[in-house]
>>> print(open('target.cif').read())   # mmCIF, C-alpha atoms
data_entry
#
loop_
_atom_site.label_atom_id
_atom_site.label_comp_id
_atom_site.auth_asym_id
_atom_site.auth_seq_id
_atom_site.Cartn_x
_atom_site.Cartn_y
_atom_site.Cartn_z
CA MET A 1 102.24 23.66 75.71
CA LEU A 2 99.48 24.33 73.21
CA ARG A 3 100.49 21.15 71.37
CA ASN A 4 100.07 19.12 74.55
CA LEU A 5 96.67 20.68 75.20
CA SER A 6 95.44 19.86 71.70
CA ALA A 7 96.84 16.32 72.03
CA PHE A 8 94.88 15.96 75.27
CA ILE A 9 91.72 17.19 73.50
CA ALA A 10 92.24 14.73 70.62
CA GLY A 11 92.83 11.85 73.05
CA SER A 12 89.74 12.81 75.03
CA LEU A 13 87.51 12.95 71.97
CA PHE A 14 88.97 9.64 70.75
CA GLY A 15 88.30 8.00 74.11
CA ALA A 16 84.76 9.37 74.34
CA GLY A 17 84.09 8.16 70.79
CA LEU A 18 85.40 4.69 71.59
CA LEU A 19 83.13 4.49 74.64
CA ILE A 20 80.00 5.76 72.87
CA SER A 21 80.55 3.64 69.75
CA GLY A 22 80.67 0.46 71.83
CA MET A 23 84.23 -0.36 70.84
CA THR A 24 85.35 -0.81 74.45
CA ASN A 25 82.89 -3.73 74.61
CA THR A 26 84.81 -6.81 73.46
CA ARG A 27 81.53 -8.60 72.74
CA LYS A 28 80.66 -6.08 70.03
CA VAL A 29 84.12 -6.31 68.44
CA GLN A 30 84.09 -10.10 68.46
CA GLY A 31 80.48 -9.98 67.22
CA TRP A 32 81.67 -8.03 64.17
CA LEU A 33 84.47 -10.52 63.50
CA ASP A 34 82.13 -13.49 64.00
CA ILE A 35 80.77 -13.63 60.46
CA PHE A 36 79.67 -17.27 60.79
CA GLY A 37 78.01 -16.70 64.18
CA ASP A 38 75.65 -14.01 65.41
CA TRP A 39 77.14 -11.23 63.25
CA ASP A 40 77.02 -7.67 64.64
CA PRO A 41 77.54 -4.95 61.99
CA THR A 42 78.04 -2.06 64.48
CA LEU A 43 81.78 -1.80 63.78
CA ALA A 44 81.08 -0.97 60.13
CA PHE A 45 79.13 2.11 61.29
CA VAL A 46 82.00 3.07 63.60
CA LEU A 47 84.65 2.73 60.92
CA GLY A 48 82.47 4.43 58.31
CA GLY A 49 81.66 7.28 60.71
CA ALA A 50 85.34 7.72 61.55
CA ILE A 51 86.53 7.69 57.95
CA LEU A 52 84.13 10.50 56.87
CA PRO A 53 85.65 13.42 58.86
CA MET A 54 89.13 12.02 58.34
CA THR A 55 88.76 11.98 54.54
CA LEU A 56 87.85 15.68 54.73
CA ALA A 57 90.85 16.30 57.02
CA TRP A 58 93.29 14.71 54.55
CA TRP A 59 91.72 16.80 51.78
CA ILE A 60 92.32 19.98 53.81
CA ALA A 61 95.82 18.83 54.82
CA ALA A 62 96.78 18.32 51.17
CA ARG A 63 96.01 22.02 50.56
CA ARG A 64 98.08 23.32 53.46
CA ALA A 65 101.82 23.66 53.87
CA ARG A 66 101.75 23.18 57.64
CA ALA A 67 99.52 22.12 60.51
CA PHE A 68 97.66 24.86 62.43
CA LEU A 69 100.29 24.86 65.18
CA GLY A 70 103.08 25.30 62.65
CA ASN A 71 104.67 21.87 62.47
CA ASP A 72 105.03 19.66 59.42
CA LEU A 73 102.16 17.55 58.17
CA PRO A 74 102.76 13.82 57.62
CA GLY A 75 104.47 12.90 54.36
CA LYS A 76 103.05 10.64 51.70
CA PRO A 77 102.32 7.10 52.94
CA GLY A 78 104.57 4.23 51.85
CA THR A 79 103.38 2.02 49.04
CA THR A 80 105.13 -1.30 49.69
CA ILE A 81 103.18 -4.10 51.30
CA ASP A 82 106.13 -5.79 52.96
CA ARG A 83 106.53 -8.82 55.17
CA ASN A 84 106.43 -6.83 58.40
CA LEU A 85 103.13 -5.20 57.45
CA MET A 86 101.54 -8.53 56.55
CA ILE A 87 102.83 -10.65 59.43
CA GLY A 88 102.41 -7.84 61.97
CA SER A 89 98.81 -7.24 60.90
CA LEU A 90 98.04 -10.96 61.01
CA MET A 91 99.47 -11.17 64.55
CA PHE A 92 97.57 -8.07 65.62
CA GLY A 93 94.33 -9.38 64.12
CA ALA A 94 94.70 -12.74 65.86
CA GLY A 95 95.09 -11.02 69.24
CA TRP A 96 92.27 -8.59 68.45
CA GLY A 97 89.90 -11.45 67.62
CA LEU A 98 91.00 -13.55 70.57
CA VAL A 99 90.03 -10.96 73.20
CA GLY A 100 88.31 -8.15 71.29
CA LEU A 101 90.58 -5.28 72.30
CA CYS A 102 92.89 -3.13 70.19
CA PRO A 103 95.31 -0.52 71.62
CA GLY A 104 92.93 2.47 71.78
CA PRO A 105 90.04 0.74 73.59
CA ALA A 106 92.51 -1.11 75.84
CA VAL A 107 93.61 2.26 77.25
CA ALA A 108 90.15 3.87 77.13
CA SER A 109 88.55 1.08 79.21
CA ILE A 110 91.27 0.87 81.85
CA GLY A 111 89.00 2.52 84.44
CA TRP A 112 86.46 -0.34 84.40
CA GLY A 113 88.22 -3.18 82.56
CA GLY A 114 89.02 -5.00 85.80
CA VAL A 115 91.75 -7.62 86.09
CA GLY A 116 91.32 -8.83 82.50
CA GLY A 117 91.69 -5.30 81.13
CA ALA A 118 94.79 -4.64 83.24
CA VAL A 119 96.39 -7.96 82.24
CA PHE A 120 95.70 -7.21 78.58
CA LEU A 121 97.18 -3.72 78.83
CA VAL A 122 100.34 -4.90 80.61
CA SER A 123 100.79 -7.74 78.09
CA MET A 124 100.30 -5.32 75.20
CA LEU A 125 102.88 -2.91 76.63
CA ALA A 126 105.29 -5.83 77.13
CA GLY A 127 104.71 -6.82 73.49
CA MET A 128 105.44 -3.25 72.37
CA TYR A 129 108.60 -3.26 74.51
CA VAL A 130 110.02 -6.41 72.90
CA ALA A 131 108.76 -5.51 69.41
CA PRO A 132 111.98 -3.82 68.17
CA ALA A 133 114.07 -6.88 69.14
CA PHE A 134 111.41 -9.18 67.68
CA ARG A 135 111.48 -7.25 64.41
CA ILE A 136 115.26 -7.66 64.10
CA ARG A 137 115.20 -11.39 64.86
CA PHE A 138 112.20 -11.96 62.61
CA ASN A 139 113.83 -10.22 59.66
CA GLN A 140 117.10 -12.12 60.21
CA MET A 141 115.21 -15.41 60.17
CA ALA A 142 113.23 -14.44 57.10
CA ALA A 143 116.41 -13.34 55.30
CA ALA A 144 118.10 -16.65 56.21
CA LEU A 145 115.25 -18.56 54.59
CA HIS A 146 115.82 -16.85 51.25
CA MET B 1 67.88 1.01 62.71
CA PRO B 2 69.04 -0.48 66.04
CA MET B 3 70.29 2.08 68.58
CA ASP B 4 73.66 0.30 68.73
CA TRP B 5 74.28 1.17 65.09
CA ILE B 6 73.38 4.83 65.69
CA TRP B 7 75.67 5.02 68.71
CA GLY B 8 78.34 3.32 66.58
CA LEU B 9 77.97 6.01 63.92
CA VAL B 10 77.99 8.85 66.47
CA GLY B 11 81.02 7.42 68.26
CA GLY B 12 82.72 6.78 64.92
CA LEU B 13 82.20 10.42 63.88
CA MET B 14 83.80 11.46 67.19
CA ILE B 15 86.78 9.14 66.60
CA GLY B 16 87.20 10.52 63.09
CA SER B 17 86.89 14.10 64.36
CA ALA B 18 89.58 13.40 66.95
CA ALA B 19 91.86 12.05 64.22
CA ALA B 20 91.06 15.06 61.98
CA PHE B 21 91.82 17.47 64.84
CA TYR B 22 95.11 15.74 65.68
CA LEU B 23 96.17 15.81 62.03
CA LEU B 24 95.25 19.41 61.24
CA VAL B 25 96.25 21.00 64.57
CA ASN B 26 99.27 18.91 65.61
CA GLY B 27 100.27 17.56 62.21
CA ARG B 28 100.21 13.98 63.45
CA VAL B 29 98.60 10.72 62.42
CA MET B 30 96.34 9.55 65.24
CA GLY B 31 97.51 5.96 65.60
CA ALA B 32 97.04 4.56 69.10
CA SER B 33 99.72 1.86 68.80
CA GLY B 34 102.27 4.35 67.45
CA ILE B 35 101.56 6.97 70.10
CA ILE B 36 101.80 4.40 72.93
CA GLY B 37 104.54 2.23 71.40
CA GLY B 38 106.81 5.20 70.76
CA LEU B 39 106.86 5.84 74.51
CA VAL B 40 107.34 2.16 75.42
CA ASP B 41 110.32 1.53 73.12
CA ARG B 42 111.54 5.12 73.41
CA THR B 43 111.63 5.74 69.64
CA GLY B 44 109.17 8.61 70.18
CA TRP B 45 110.85 10.03 73.25
CA ALA B 46 111.43 13.43 71.59
CA THR B 47 107.66 14.01 71.59
CA TRP B 48 106.90 12.31 74.91
CA ALA B 49 104.80 15.14 76.38
CA GLU B 50 102.46 15.30 73.39
CA ARG B 51 102.06 11.50 73.49
CA ALA B 52 101.50 11.45 77.25
CA ALA B 53 98.88 14.20 76.97
CA PHE B 54 97.02 12.23 74.29
CA ILE B 55 97.09 9.04 76.37
CA ALA B 56 95.95 10.94 79.48
CA GLY B 57 92.86 12.21 77.64
CA LEU B 58 92.21 8.75 76.20
CA ALA B 59 92.40 7.08 79.63
CA ILE B 60 90.74 9.69 81.84
CA VAL B 61 87.81 11.08 79.84
CA PRO B 62 85.98 7.74 79.21
CA MET B 63 86.31 7.06 82.94
CA LEU B 64 84.55 10.38 83.67
CA ILE B 65 81.84 9.90 81.03
CA LYS B 66 80.96 6.30 81.89
CA PRO B 67 79.03 7.00 85.14
CA VAL B 68 76.81 9.63 83.49
CA TYR B 69 76.37 7.84 80.14
CA SER B 70 72.84 6.51 79.61
CA VAL B 71 73.92 3.20 78.09
CA PRO B 72 75.47 0.57 80.41
CA VAL B 73 79.11 0.02 79.48
CA MET B 74 80.92 -3.27 79.98
CA THR B 75 84.10 -4.69 78.53
CA ASN B 76 83.06 -8.37 78.72
CA ILE B 77 86.68 -9.50 78.61
CA THR B 78 87.08 -13.28 78.71
CA SER B 79 88.05 -14.77 82.08
CA ASN B 80 90.57 -17.00 80.28
CA ILE B 81 93.70 -15.18 81.53
CA PRO B 82 96.27 -17.10 79.40
CA ALA B 83 94.23 -16.09 76.35
CA VAL B 84 94.26 -12.46 77.52
CA ILE B 85 98.06 -12.53 77.95
CA LEU B 86 98.58 -14.14 74.53
CA ALA B 87 96.23 -11.63 72.90
CA GLY B 88 97.96 -8.67 74.57
CA LEU B 89 101.39 -9.86 73.40
CA LEU B 90 100.12 -10.44 69.85
CA VAL B 91 98.51 -6.99 69.72
CA GLY B 92 101.63 -5.32 71.16
CA VAL B 93 104.18 -7.00 68.89
CA GLY B 94 101.91 -7.15 65.84
CA THR B 95 100.89 -3.48 65.78
CA ARG B 96 104.51 -2.36 66.18
CA LEU B 97 105.78 -4.75 63.52
CA ALA B 98 103.04 -3.57 61.13
CA ASN B 99 103.46 0.06 62.22
CA GLY B 100 99.81 0.59 63.00
CA CYS B 101 96.52 -0.69 64.32
CA THR B 102 92.81 -0.01 63.79
CA SER B 103 93.19 3.75 64.26
CA GLY B 104 96.41 4.33 62.30
CA HIS B 105 96.04 1.86 59.43
CA GLY B 106 92.25 1.62 59.62
CA VAL B 107 90.80 5.09 60.21
CA CYS B 108 93.75 7.27 59.13
CA GLY B 109 95.08 4.97 56.39
CA ILE B 110 91.87 4.06 54.57
CA SER B 111 90.68 7.70 54.59
CA ARG B 112 93.79 8.78 52.64
CA PHE B 113 93.50 5.74 50.34
CA SER B 114 96.83 4.39 51.58
CA ILE B 115 97.52 1.01 50.01
CA ARG B 116 99.43 -0.08 53.14
CA GLY B 117 96.56 0.96 55.42
CA ILE B 118 94.01 -0.88 53.29
CA ALA B 119 96.20 -4.00 53.07
CA ALA B 120 96.87 -4.01 56.82
CA THR B 121 93.14 -3.67 57.51
CA ILE B 122 92.34 -6.64 55.28
CA PHE B 123 95.03 -8.75 57.00
CA TYR B 124 93.94 -7.96 60.57
CA LEU B 125 90.26 -8.41 59.74
CA VAL B 126 90.94 -11.83 58.21
CA ALA B 127 93.14 -12.89 61.14
CA GLY B 128 90.57 -11.57 63.63
CA GLY B 129 87.75 -13.45 61.93
CA LEU B 130 89.81 -16.65 61.92
CA ALA B 131 90.71 -16.20 65.59
CA VAL B 132 87.03 -15.94 66.51
CA ILE B 133 86.17 -19.04 64.46
CA VAL B 134 89.00 -21.07 66.00
CA PHE B 135 88.81 -19.92 69.62
CA ARG B 136 85.05 -19.37 69.93
CA HIS B 137 83.54 -22.02 67.67
CA LEU B 138 86.14 -24.79 67.34
CA LEU B 139 87.91 -24.69 70.71
CA GLU B 140 85.13 -22.90 72.64
CA ALA B 141 87.87 -21.25 74.72
CA ILE B 142 86.46 -17.67 74.70
#
>>> encode(input="target.cif", output="structure tokens")
Amino acid sequence: MLRNLSAFIAGSLFGAGLLISGMTNTRKVQGWLDIFGDWDPTLAFVLGGAILPMTLAWWIAARRARAFLGNDLPGKPGTTIDRNLMIGSLMFGAGWGLVGLCPGPAVASIGWGGVGGAVFLVSMLAGMYVAPAFRIRFNQMAAALH
Amino acid sequence: MPMDWIWGLVGGLMIGSAAAFYLLVNGRVMGASGIIGGLVDRTGWATWAERAAFIAGLAIVPMLIKPVYSVPVMTNITSNIPAVILAGLLVGVGTRLANGCTSGHGVCGISRFSIRGIAATIFYLVAGGLAVIVFRHLLEAI
């Protein structure tokens, strides 16, 4: 129960941060990606601001055996930059640039995103639903090419 | 310094604090695509309540803040619905294939100097920049 409460608090703070930072505004996100247009550097402040407390958190986590609520902390991150990471990130980035929404802001703005926001969210969930099957087919095709 | 940048920094610090809280209290990496995707494809079903609680906070709290927030908030989503559908599918499949999005690979990955997180961030930034060039400037579709 306590774990669910703290997850709710984290989600709430994340959502409030997304709103206040301007990241639920697709124009600001696309403005950041538009380096040859009217470039908007706001996202650099958002990312920089977010990385600061998180760097401290990883530093603390490295000195603890367990999380405060007793469960395991995440293990060491993988080190291989594989095909799935590259192609998946390229696909994600293309969609992110096309509309200016990533998964967090898509959920955070659902209350006022209108039809476009709802269509994006449903399409994203559909994409997540088919992703495991896509991954299998994609890796079969890639293996066949070798 | 423009107010937008200051709000960006303040909001960013809140996002990072949320990620720090989720890591240190729950022992989890705060990646939006992983938290949501694990419910959608059922791979994270064992921790469904924790995920649902996170998503509930993420969806409800901005809705409550927006009316009392001093800055007008708009999403400005393009009215080109086929583009919205394509983008949603790309974001859904892509983040799950890559195992992370802006929060997981970006915020949580870069801050622990993860080579995968840094590489993913470079790839999605490049693809995002290209998408804006192609769809906004060349095709003028968005």
>>> residues_around(input="target.cif", residues="A:Pro105", least_positions_apart="2", cutoff="9 Å", atoms="all atoms listed in the file", output="number ranges by chain")
A: 15, 18-19, 23-25, 101-103, 107-110; B: 58
>>> closest_residue(input="target.cif", among="B:Val91, B:Ala141, B:Ile35, B:Val126", to="B:Thr78", atoms="only C-alpha atoms")
B:Ala141
>>> resolve_selection(input="target.cif", expression="the PyMOL selection byres ((chain B) within 6 of (chain A))", output="ChimeraX atom specification")
/B:5,7-9,11-18,20,22,24-25,27,32-33,37,40-41,50,53-54,57-59,61-63,74-76,84-85,87-95,97-98,107,111,116,120,123-124,127-129,131-132
>>> atom_distance(input="target.cif", atom1="atom CA of B:Ile122", atom2="atom CA of A:Met141")
25.0 Å
>>> atom_distance(input="target.cif", atom1="atom CA of B:Leu86", atom2="atom CA of B:Ile142")
12.6 Å
>>> atom_distance(input="target.cif", atom1="atom CA of B:Met3", atom2="atom CA of B:Pro67")
19.4 Å
